[in-house]
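data29.txt, holding compact mmCIF, N, CA and C atoms:
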```txt
# COMPACT_ATOMS: atom_id res chain seq x y z
N MET A 138 56.23 100.49 67.19
CA MET A 138 57.35 100.84 66.33
C MET A 138 58.51 101.40 67.16
N ARG A 139 58.19 102.22 68.14
CA ARG A 139 59.24 102.84 68.95
C ARG A 139 59.99 101.78 69.76
N TRP A 140 59.28 100.81 70.34
CA TRP A 140 59.92 99.75 71.12
C TRP A 140 60.82 98.90 70.24
N ARG A 141 60.41 98.70 69.01
CA ARG A 141 61.23 97.92 68.05
C ARG A 141 62.54 98.63 67.78
N ALA A 142 62.53 99.92 67.62
CA ALA A 142 63.74 100.70 67.38
C ALA A 142 64.66 100.65 68.60
N ILE A 143 64.07 100.75 69.79
CA ILE A 143 64.88 100.66 71.01
C ILE A 143 65.52 99.29 71.12
N PHE A 144 64.75 98.22 70.80
CA PHE A 144 65.28 96.86 70.84
C PHE A 144 66.45 96.70 69.87
N VAL A 145 66.29 97.17 68.65
CA VAL A 145 67.35 97.06 67.65
C VAL A 145 68.60 97.81 68.11
N CYS A 146 68.43 98.99 68.66
CA CYS A 146 69.58 99.76 69.16
C CYS A 146 70.27 99.02 70.29
N ALA A 147 69.50 98.44 71.19
CA ALA A 147 70.09 97.70 72.30
C ALA A 147 70.88 96.50 71.81
N VAL A 148 70.35 95.78 70.84
CA VAL A 148 71.06 94.62 70.28
C VAL A 148 72.34 95.07 69.60
N LEU A 149 72.29 96.13 68.83
CA LEU A 149 73.49 96.62 68.15
C LEU A 149 74.54 97.11 69.14
N LEU A 150 74.11 97.82 70.18
CA LEU A 150 75.04 98.30 71.19
C LEU A 150 75.67 97.13 71.94
N GLY A 151 74.87 96.14 72.29
CA GLY A 151 75.38 94.94 72.97
C GLY A 151 76.40 94.22 72.10
N GLY A 152 76.13 94.10 70.81
CA GLY A 152 77.08 93.47 69.89
C GLY A 152 78.37 94.25 69.79
N ALA A 153 78.28 95.56 69.80
CA ALA A 153 79.49 96.38 69.74
C ALA A 153 80.35 96.17 70.97
N VAL A 154 79.73 96.05 72.13
CA VAL A 154 80.48 95.80 73.36
C VAL A 154 81.17 94.45 73.29
N LEU A 155 80.50 93.44 72.79
CA LEU A 155 81.10 92.10 72.69
C LEU A 155 82.25 92.06 71.70
N LEU A 156 82.18 92.86 70.67
CA LEU A 156 83.24 92.86 69.65
C LEU A 156 84.39 93.79 69.97
N ASP A 157 84.25 94.61 70.99
CA ASP A 157 85.30 95.54 71.39
C ASP A 157 86.52 94.75 71.86
N PRO A 158 87.69 94.94 71.23
CA PRO A 158 88.87 94.18 71.65
C PRO A 158 89.30 94.49 73.07
N VAL A 159 89.03 95.67 73.58
CA VAL A 159 89.41 96.01 74.95
C VAL A 159 88.59 95.20 75.94
N ALA A 160 87.34 94.92 75.60
CA ALA A 160 86.48 94.16 76.50
C ALA A 160 87.02 92.75 76.74
N GLY A 161 87.77 92.21 75.80
CA GLY A 161 88.32 90.87 75.95
C GLY A 161 89.60 90.82 76.76
N GLN A 162 90.15 91.95 77.08
CA GLN A 162 91.39 91.96 77.85
C GLN A 162 91.09 91.73 79.32
N ALA A 163 92.00 91.04 79.97
CA ALA A 163 91.76 90.64 81.36
C ALA A 163 92.38 91.61 82.34
N HIS A 164 91.91 91.52 83.56
CA HIS A 164 92.43 92.28 84.68
C HIS A 164 93.17 91.32 85.60
N ALA A 165 94.13 91.83 86.34
CA ALA A 165 94.89 91.00 87.27
C ALA A 165 94.19 91.00 88.62
N PHE A 166 93.41 89.96 88.88
CA PHE A 166 92.71 89.82 90.14
C PHE A 166 93.54 88.96 91.09
N LEU A 167 93.43 89.25 92.37
CA LEU A 167 94.14 88.47 93.37
C LEU A 167 93.57 87.06 93.41
N ARG A 168 94.45 86.08 93.16
CA ARG A 168 94.04 84.67 93.18
C ARG A 168 94.18 84.09 94.59
N ARG A 169 95.33 84.38 95.23
CA ARG A 169 95.57 83.93 96.61
C ARG A 169 96.72 84.71 97.19
N ALA A 170 96.91 84.56 98.49
CA ALA A 170 97.97 85.27 99.19
C ALA A 170 98.53 84.38 100.29
N ALA A 171 99.76 84.65 100.68
CA ALA A 171 100.38 83.97 101.82
C ALA A 171 101.11 85.02 102.63
N PRO A 172 100.71 85.30 103.87
CA PRO A 172 99.57 84.75 104.58
C PRO A 172 98.28 85.03 103.82
N GLY A 173 97.32 84.13 104.01
CA GLY A 173 96.07 84.20 103.28
C GLY A 173 95.15 85.31 103.75
N VAL A 174 94.19 85.61 102.92
CA VAL A 174 93.19 86.62 103.23
C VAL A 174 92.41 86.18 104.47
N GLY A 175 92.46 86.98 105.53
CA GLY A 175 91.76 86.68 106.76
C GLY A 175 92.39 85.57 107.60
N ALA A 176 93.59 85.13 107.24
CA ALA A 176 94.24 84.00 107.92
C ALA A 176 94.77 84.39 109.29
N THR A 177 94.91 83.38 110.12
CA THR A 177 95.64 83.51 111.37
C THR A 177 96.88 82.64 111.24
N VAL A 178 98.05 83.25 111.39
CA VAL A 178 99.31 82.50 111.28
C VAL A 178 99.99 82.51 112.64
N HIS A 179 100.77 81.46 112.90
CA HIS A 179 101.39 81.29 114.21
C HIS A 179 102.89 81.56 114.22
N ALA A 180 103.43 81.88 113.07
CA ALA A 180 104.85 82.25 112.97
C ALA A 180 104.96 83.44 112.03
N ALA A 181 105.84 84.36 112.36
CA ALA A 181 106.00 85.56 111.54
C ALA A 181 106.55 85.19 110.16
N PRO A 182 105.86 85.58 109.09
CA PRO A 182 106.36 85.28 107.75
C PRO A 182 107.51 86.21 107.37
N ASP A 183 108.41 85.73 106.54
CA ASP A 183 109.49 86.57 106.03
C ASP A 183 109.01 87.48 104.91
N ASN A 184 108.01 87.00 104.16
CA ASN A 184 107.49 87.72 103.00
C ASN A 184 105.99 87.62 102.95
N LEU A 185 105.39 88.61 102.32
CA LEU A 185 104.01 88.51 101.89
C LEU A 185 104.07 88.14 100.42
N ARG A 186 103.32 87.13 100.02
CA ARG A 186 103.31 86.70 98.62
C ARG A 186 101.89 86.83 98.09
N LEU A 187 101.77 87.43 96.92
CA LEU A 187 100.48 87.64 96.28
C LEU A 187 100.51 87.05 94.88
N TRP A 188 99.55 86.18 94.58
CA TRP A 188 99.44 85.57 93.26
C TRP A 188 98.23 86.16 92.55
N PHE A 189 98.41 86.54 91.29
CA PHE A 189 97.36 87.18 90.51
C PHE A 189 96.99 86.32 89.30
N THR A 190 95.88 86.68 88.66
CA THR A 190 95.37 85.92 87.54
C THR A 190 96.02 86.29 86.21
N GLU A 191 96.74 87.39 86.17
CA GLU A 191 97.39 87.85 84.94
C GLU A 191 98.82 88.30 85.23
N GLN A 192 99.62 88.41 84.18
CA GLN A 192 100.99 88.90 84.33
C GLN A 192 100.95 90.38 84.69
N LEU A 193 101.97 90.81 85.46
CA LEU A 193 101.98 92.14 86.05
C LEU A 193 103.11 93.02 85.52
N GLU A 194 102.88 94.31 85.62
CA GLU A 194 103.92 95.33 85.37
C GLU A 194 104.45 95.76 86.73
N ILE A 195 105.53 95.15 87.17
CA ILE A 195 106.04 95.33 88.53
C ILE A 195 106.30 96.80 88.89
N PRO A 196 106.86 97.64 87.99
CA PRO A 196 107.11 99.03 88.41
C PRO A 196 105.84 99.81 88.74
N LEU A 197 104.70 99.35 88.27
CA LEU A 197 103.44 100.06 88.49
C LEU A 197 102.62 99.48 89.64
N CYS A 198 103.02 98.34 90.16
CA CYS A 198 102.30 97.68 91.25
C CYS A 198 102.73 98.25 92.60
N ARG A 199 101.83 98.20 93.57
CA ARG A 199 102.11 98.70 94.91
C ARG A 199 101.55 97.72 95.95
N VAL A 200 102.30 97.54 97.03
CA VAL A 200 101.84 96.75 98.16
C VAL A 200 102.28 97.46 99.42
N GLU A 201 101.37 97.57 100.37
CA GLU A 201 101.68 98.15 101.67
C GLU A 201 101.16 97.20 102.73
N VAL A 202 101.96 96.95 103.74
CA VAL A 202 101.55 96.12 104.88
C VAL A 202 101.80 96.95 106.13
N VAL A 203 100.74 97.16 106.91
CA VAL A 203 100.86 97.99 108.11
C VAL A 203 100.33 97.24 109.32
N ASP A 204 100.88 97.59 110.49
CA ASP A 204 100.42 96.99 111.75
C ASP A 204 99.18 97.74 112.24
N SER A 205 98.68 97.38 113.40
CA SER A 205 97.45 97.99 113.92
C SER A 205 97.61 99.47 114.25
N ASP A 206 98.85 99.95 114.38
CA ASP A 206 99.10 101.37 114.62
C ASP A 206 99.31 102.14 113.32
N GLY A 207 99.25 101.46 112.20
CA GLY A 207 99.43 102.11 110.90
C GLY A 207 100.88 102.23 110.45
N HIS A 208 101.80 101.56 111.14
CA HIS A 208 103.22 101.62 110.77
C HIS A 208 103.55 100.54 109.74
N SER A 209 104.31 100.91 108.74
CA SER A 209 104.70 99.95 107.71
C SER A 209 105.60 98.87 108.30
N VAL A 210 105.38 97.64 107.86
CA VAL A 210 106.24 96.53 108.29
C VAL A 210 106.99 95.94 107.10
N LEU A 211 107.04 96.69 106.01
CA LEU A 211 107.82 96.24 104.86
C LEU A 211 109.31 96.43 105.13
N ALA A 212 110.12 95.50 104.62
CA ALA A 212 111.55 95.54 104.87
C ALA A 212 112.36 95.74 103.60
N GLY A 213 111.73 95.99 102.52
CA GLY A 213 112.47 96.15 101.27
C GLY A 213 111.52 96.41 100.11
N LYS A 214 112.08 96.36 98.92
CA LYS A 214 111.31 96.67 97.72
C LYS A 214 110.47 95.49 97.28
N LEU A 215 109.32 95.82 96.75
CA LEU A 215 108.45 94.83 96.13
C LEU A 215 109.16 94.23 94.94
N ARG A 216 109.05 92.91 94.78
CA ARG A 216 109.72 92.28 93.63
C ARG A 216 108.81 91.19 93.04
N MET A 217 109.14 90.82 91.84
CA MET A 217 108.43 89.76 91.16
C MET A 217 109.12 88.44 91.47
N ALA A 218 108.35 87.38 91.60
CA ALA A 218 108.93 86.06 91.83
C ALA A 218 109.71 85.64 90.59
N PRO A 219 110.82 84.94 90.79
CA PRO A 219 111.58 84.46 89.64
C PRO A 219 110.71 83.52 88.79
N HIS A 220 110.70 83.75 87.51
CA HIS A 220 110.01 82.89 86.55
C HIS A 220 108.49 82.89 86.70
N ASN A 221 107.91 83.88 87.38
CA ASN A 221 106.46 83.95 87.51
C ASN A 221 106.02 85.41 87.54
N ARG A 222 105.59 85.93 86.41
CA ARG A 222 105.19 87.34 86.32
C ARG A 222 103.80 87.60 86.88
N LYS A 223 103.22 86.58 87.53
CA LYS A 223 101.91 86.74 88.17
C LYS A 223 102.03 86.78 89.69
N GLU A 224 103.25 86.72 90.22
CA GLU A 224 103.44 86.65 91.67
C GLU A 224 104.31 87.81 92.16
N LEU A 225 103.82 88.50 93.18
CA LEU A 225 104.57 89.58 93.82
C LEU A 225 105.05 89.11 95.19
N ILE A 226 106.24 89.58 95.56
CA ILE A 226 106.80 89.26 96.87
C ILE A 226 107.17 90.57 97.56
N ALA A 227 106.64 90.75 98.76
CA ALA A 227 106.94 91.93 99.58
C ALA A 227 107.66 91.46 100.84
N PRO A 228 108.96 91.77 100.99
CA PRO A 228 109.69 91.35 102.19
C PRO A 228 109.18 92.10 103.43
N LEU A 229 109.04 91.34 104.52
CA LEU A 229 108.54 91.90 105.77
C LEU A 229 109.66 92.00 106.80
N LYS A 230 109.49 92.92 107.75
CA LYS A 230 110.46 93.06 108.82
C LYS A 230 110.56 91.77 109.62
N LYS A 231 111.74 91.52 110.15
CA LYS A 231 111.97 90.33 110.96
C LYS A 231 111.25 90.45 112.30
N SER A 232 110.85 89.34 112.82
CA SER A 232 110.25 89.25 114.16
C SER A 232 109.05 90.17 114.34
N LEU A 233 108.08 90.05 113.47
CA LEU A 233 106.85 90.82 113.65
C LEU A 233 106.18 90.40 114.95
N PRO A 234 105.69 91.36 115.71
CA PRO A 234 104.97 91.01 116.94
C PRO A 234 103.56 90.49 116.61
N ALA A 235 102.97 89.80 117.57
CA ALA A 235 101.60 89.34 117.40
C ALA A 235 100.69 90.54 117.18
N GLY A 236 99.67 90.34 116.37
CA GLY A 236 98.73 91.42 116.10
C GLY A 236 98.06 91.26 114.76
N ARG A 237 97.29 92.27 114.40
CA ARG A 237 96.59 92.29 113.11
C ARG A 237 97.38 93.15 112.14
N TYR A 238 97.41 92.71 110.89
CA TYR A 238 98.12 93.42 109.84
C TYR A 238 97.18 93.63 108.65
N ARG A 239 97.23 94.83 108.09
CA ARG A 239 96.42 95.17 106.93
C ARG A 239 97.31 95.23 105.69
N VAL A 240 96.86 94.57 104.65
CA VAL A 240 97.55 94.57 103.36
C VAL A 240 96.70 95.37 102.38
N GLN A 241 97.33 96.33 101.73
CA GLN A 241 96.68 97.08 100.65
C GLN A 241 97.52 96.87 99.41
N TRP A 242 96.87 96.53 98.30
CA TRP A 242 97.62 96.27 97.07
C TRP A 242 96.96 96.95 95.87
N LYS A 243 97.81 97.24 94.91
CA LYS A 243 97.37 97.73 93.60
C LYS A 243 98.16 96.94 92.57
N ALA A 244 97.46 96.29 91.67
CA ALA A 244 98.10 95.50 90.63
C ALA A 244 97.80 96.11 89.27
N VAL A 245 98.82 96.18 88.43
CA VAL A 245 98.66 96.65 87.06
C VAL A 245 99.10 95.52 86.15
N SER A 246 98.17 95.03 85.35
CA SER A 246 98.49 93.93 84.44
C SER A 246 99.26 94.46 83.24
N THR A 247 99.83 93.54 82.46
CA THR A 247 100.64 93.94 81.31
C THR A 247 99.82 94.70 80.27
N ASP A 248 98.49 94.56 80.29
CA ASP A 248 97.66 95.35 79.38
C ASP A 248 97.22 96.66 80.02
N ARG A 249 97.82 96.99 81.19
CA ARG A 249 97.67 98.26 81.90
C ARG A 249 96.34 98.42 82.63
N HIS A 250 95.59 97.35 82.81
CA HIS A 250 94.39 97.45 83.63
C HIS A 250 94.79 97.42 85.09
N VAL A 251 94.10 98.20 85.90
CA VAL A 251 94.42 98.35 87.32
C VAL A 251 93.34 97.69 88.18
N THR A 252 93.78 96.91 89.16
CA THR A 252 92.89 96.39 90.18
C THR A 252 93.52 96.71 91.53
N HIS A 253 92.71 96.73 92.56
CA HIS A 253 93.25 97.01 93.89
C HIS A 253 92.36 96.37 94.93
N GLY A 254 92.90 96.24 96.11
CA GLY A 254 92.12 95.66 97.18
C GLY A 254 92.89 95.69 98.49
N ASN A 255 92.29 95.13 99.51
CA ASN A 255 92.94 95.07 100.81
C ASN A 255 92.38 93.88 101.57
N PHE A 256 93.15 93.44 102.55
CA PHE A 256 92.70 92.37 103.42
C PHE A 256 93.54 92.40 104.68
N MET A 257 93.12 91.60 105.65
CA MET A 257 93.81 91.53 106.94
C MET A 257 94.31 90.10 107.15
N PHE A 258 95.36 89.99 107.95
CA PHE A 258 95.74 88.71 108.51
C PHE A 258 96.17 88.94 109.94
N LYS A 259 96.14 87.89 110.72
CA LYS A 259 96.45 87.98 112.14
C LYS A 259 97.65 87.08 112.45
N LEU A 260 98.57 87.60 113.27
CA LEU A 260 99.74 86.84 113.69
C LEU A 260 99.64 86.59 115.19
N THR A 261 99.72 85.33 115.56
CA THR A 261 99.76 84.96 116.98
C THR A 261 101.10 84.30 117.26
N ASN A 262 101.66 84.56 118.39
CA ASN A 262 102.95 83.94 118.72
C ASN A 262 102.79 82.98 119.89
```

Encoding of this model in structure tokens:
Amino acid sequence: MRWRAIFVCAVLLGGAVLLDPVAGQAHAFLRRAAPGVGATVHAAPDNLRLWFTEQLEIPLCRVEVVDSDGHSVLAGKLRMAPHNRKELIAPLKKSLPAGRYRVQWKAVSTDRHVTHGNFMFKLTN
């Protein structure tokens, strides 16, 4: 009898989770990046571009790109791509030297869910 009650409670709780409208809302996950995650590029990019799975709230998003010494290589404000609320553009300093660069990002989707992550890319000249 006790196991039956536990089973019924578990089924009801599981159903409540499935019917929760918040559970159906999506998060903005990183779909791709340019330079790519773990990529080696042979020419210094002008911008870092990040594409996400959901539309973003640009004022709440953050992107940082640093060199191997921890110095920022951003050259301006983060912006949204024209006509694409799922793409962020971070302008980079001109003539980046060869080396490894770390990207840290925080994305906030229009439903206010937060995701974050980091990755590296390598520049060879």

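The closest residue to A:Glu194, picked from A:Met257, A:Val251, A:Val174, A:Ala235 and counting only C-alpha atoms, is A:Val251.
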
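Here atom N of A:Pro182 is placed at a distance of 8.0 Å from atom N of A:Leu229.
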
Write out as a list in words the residues lying within 8 Å of stretch 196-212 of chain A, counting only N, CA and C atoms and excluding same-chain residues fewer than 3 positions away.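 Once the adjacent positions are removed, what remains is Leu193, Leu215, Ala227, Pro228, Leu229, Lys230, Lys231, Leu233, Gly236, Arg237, Tyr238, Arg239, Val240, Gln241, Trp242, Lys243, Ala244, Val245 and Ser246 of chain A.
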
Report as a list in words all protein, DNA and RNA residues lying within 6 Å of A:Leu225, evaluated on only C-alpha atoms, omitting residues in the same chain fewer than 6 positions from it.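 Non-adjacent residues within range: Arg186, Leu187, Arg216, Met217 and Ala218 of chain A.
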
Just-selected residues, N, CA and C atoms written as a PDB file, in the coordinates of the input:
```pdb
ATOM      1  N   ARG A 186     103.320  87.130 100.020  1.00  0.00           N
ATOM      2  CA  ARG A 186     103.310  86.700  98.620  1.00  0.00           C
ATOM      3  C   ARG A 186     101.890  86.830  98.090  1.00  0.00           C
ATOM      4  N   LEU A 187     101.770  87.430  96.920  1.00  0.00           N
ATOM      5  CA  LEU A 187     100.480  87.640  96.280  1.00  0.00           C
ATOM      6  C   LEU A 187     100.510  87.050  94.880  1.00  0.00           C
ATOM      7  N   ARG A 216     109.050  92.910  94.780  1.00  0.00           N
ATOM      8  CA  ARG A 216     109.720  92.280  93.630  1.00  0.00           C
ATOM      9  C   ARG A 216     108.810  91.190  93.040  1.00  0.00           C
ATOM     10  N   MET A 217     109.140  90.820  91.840  1.00  0.00           N
ATOM     11  CA  MET A 217     108.430  89.760  91.160  1.00  0.00           C
ATOM     12  C   MET A 217     109.120  88.440  91.470  1.00  0.00           C
ATOM     13  N   ALA A 218     108.350  87.380  91.600  1.00  0.00           N
ATOM     14  CA  ALA A 218     108.930  86.060  91.830  1.00  0.00           C
ATOM     15  C   ALA A 218     109.710  85.640  90.590  1.00  0.00           C
TER      16      ALA A 218
END
```

So that I can check the surroundings of A:Glu191, please list as a PyMOL selection string every protein, DNA and RNA residue that reaches within 6.5 Å of it, counting all atoms listed in the file and ignoring chain neighbours fewer than 4 positions away. chain A and resi 164-166+222-223+246-247

Could you get me a file of stretch 166-192 of chain A with N, CA and C atoms, as an mmCIF file, in the first residue's frame, taken from the block above?
```cif
data_model
loop_
_atom_site.group_PDB
_atom_site.id
_atom_site.type_symbol
_atom_site.label_atom_id
_atom_site.label_comp_id
_atom_site.auth_asym_id
_atom_site.auth_seq_id
_atom_site.Cartn_x
_atom_site.Cartn_y
_atom_site.Cartn_z
ATOM 1 N N PHE A 166 20.887 28.756 -25.775
ATOM 2 C CA PHE A 166 22.135 28.013 -25.777
ATOM 3 C C PHE A 166 22.976 28.435 -26.973
ATOM 4 N N LEU A 167 24.282 28.395 -26.802
ATOM 5 C CA LEU A 167 25.185 28.739 -27.886
ATOM 6 C C LEU A 167 25.067 27.692 -28.983
ATOM 7 N N ARG A 168 24.708 28.146 -30.188
ATOM 8 C CA ARG A 168 24.579 27.249 -31.344
ATOM 9 C C ARG A 168 25.917 27.122 -32.071
ATOM 10 N N ARG A 169 26.571 28.273 -32.304
ATOM 11 C CA ARG A 169 27.886 28.288 -32.949
ATOM 12 C C ARG A 169 28.539 29.625 -32.715
ATOM 13 N N ALA A 170 29.813 29.704 -33.064
ATOM 14 C CA ALA A 170 30.581 30.930 -32.872
ATOM 15 C C ALA A 170 31.567 31.081 -34.020
ATOM 16 N N ALA A 171 31.978 32.316 -34.264
ATOM 17 C CA ALA A 171 33.032 32.603 -35.247
ATOM 18 C C ALA A 171 33.945 33.640 -34.630
ATOM 19 N N PRO A 172 35.204 33.333 -34.356
ATOM 20 C CA PRO A 172 35.862 32.050 -34.513
ATOM 21 C C PRO A 172 35.151 30.973 -33.698
ATOM 22 N N GLY A 173 35.246 29.749 -34.198
ATOM 23 C CA GLY A 173 34.544 28.632 -33.589
ATOM 24 C C GLY A 173 35.144 28.180 -32.273
ATOM 25 N N VAL A 174 34.357 27.415 -31.553
ATOM 26 C CA VAL A 174 34.789 26.852 -30.283
ATOM 27 C C VAL A 174 35.981 25.924 -30.535
ATOM 28 N N GLY A 175 37.114 26.235 -29.927
ATOM 29 C CA GLY A 175 38.318 25.433 -30.075
ATOM 30 C C GLY A 175 39.022 25.585 -31.417
ATOM 31 N N ALA A 176 38.599 26.549 -32.229
ATOM 32 C CA ALA A 176 39.146 26.709 -33.579
ATOM 33 C C ALA A 176 40.548 27.306 -33.564
ATOM 34 N N THR A 177 41.263 27.038 -34.636
ATOM 35 C CA THR A 177 42.514 27.722 -34.925
ATOM 36 C C THR A 177 42.274 28.555 -36.169
ATOM 37 N N VAL A 178 42.481 29.865 -36.054
ATOM 38 C CA VAL A 178 42.281 30.758 -37.197
ATOM 39 C C VAL A 178 43.627 31.350 -37.589
ATOM 40 N N HIS A 179 43.757 31.684 -38.873
ATOM 41 C CA HIS A 179 45.041 32.147 -39.398
ATOM 42 C C HIS A 179 45.069 33.640 -39.701
ATOM 43 N N ALA A 180 43.949 34.298 -39.484
ATOM 44 C CA ALA A 180 43.881 35.754 -39.662
ATOM 45 C C ALA A 180 43.072 36.328 -38.506
ATOM 46 N N ALA A 181 43.495 37.473 -38.009
ATOM 47 C CA ALA A 181 42.808 38.091 -36.875
ATOM 48 C C ALA A 181 41.397 38.510 -37.277
ATOM 49 N N PRO A 182 40.379 38.047 -36.555
ATOM 50 C CA PRO A 182 39.010 38.443 -36.871
ATOM 51 C C PRO A 182 38.731 39.866 -36.398
ATOM 52 N N ASP A 183 37.843 40.555 -37.084
ATOM 53 C CA ASP A 183 37.412 41.888 -36.657
ATOM 54 C C ASP A 183 36.411 41.809 -35.520
ATOM 55 N N ASN A 184 35.623 40.730 -35.516
ATOM 56 C CA ASN A 184 34.549 40.553 -34.543
ATOM 57 C C ASN A 184 34.502 39.116 -34.072
ATOM 58 N N LEU A 185 33.985 38.948 -32.870
ATOM 59 C CA LEU A 185 33.563 37.643 -32.398
ATOM 60 C C LEU A 185 32.061 37.611 -32.613
ATOM 61 N N ARG A 186 31.559 36.558 -33.226
ATOM 62 C CA ARG A 186 30.126 36.432 -33.471
ATOM 63 C C ARG A 186 29.625 35.178 -32.768
ATOM 64 N N LEU A 187 28.529 35.328 -32.049
ATOM 65 C CA LEU A 187 27.926 34.225 -31.306
ATOM 66 C C LEU A 187 26.465 34.081 -31.721
ATOM 67 N N TRP A 188 26.085 32.880 -32.136
ATOM 68 C CA TRP A 188 24.702 32.592 -32.513
ATOM 69 C C TRP A 188 24.078 31.712 -31.447
ATOM 70 N N PHE A 189 22.863 32.061 -31.027
ATOM 71 C CA PHE A 189 22.164 31.341 -29.970
ATOM 72 C C PHE A 189 20.873 30.724 -30.494
ATOM 73 N N THR A 190 20.292 29.850 -29.688
ATOM 74 C CA THR A 190 19.091 29.126 -30.080
ATOM 75 C C THR A 190 17.812 29.913 -29.840
ATOM 76 N N GLU A 191 17.886 30.989 -29.095
ATOM 77 C CA GLU A 191 16.708 31.800 -28.771
ATOM 78 C C GLU A 191 17.031 33.285 -28.919
ATOM 79 N N GLN A 192 15.994 34.101 -29.008
ATOM 80 C CA GLN A 192 16.181 35.549 -29.071
ATOM 81 C C GLN A 192 16.701 36.053 -27.731
#
```
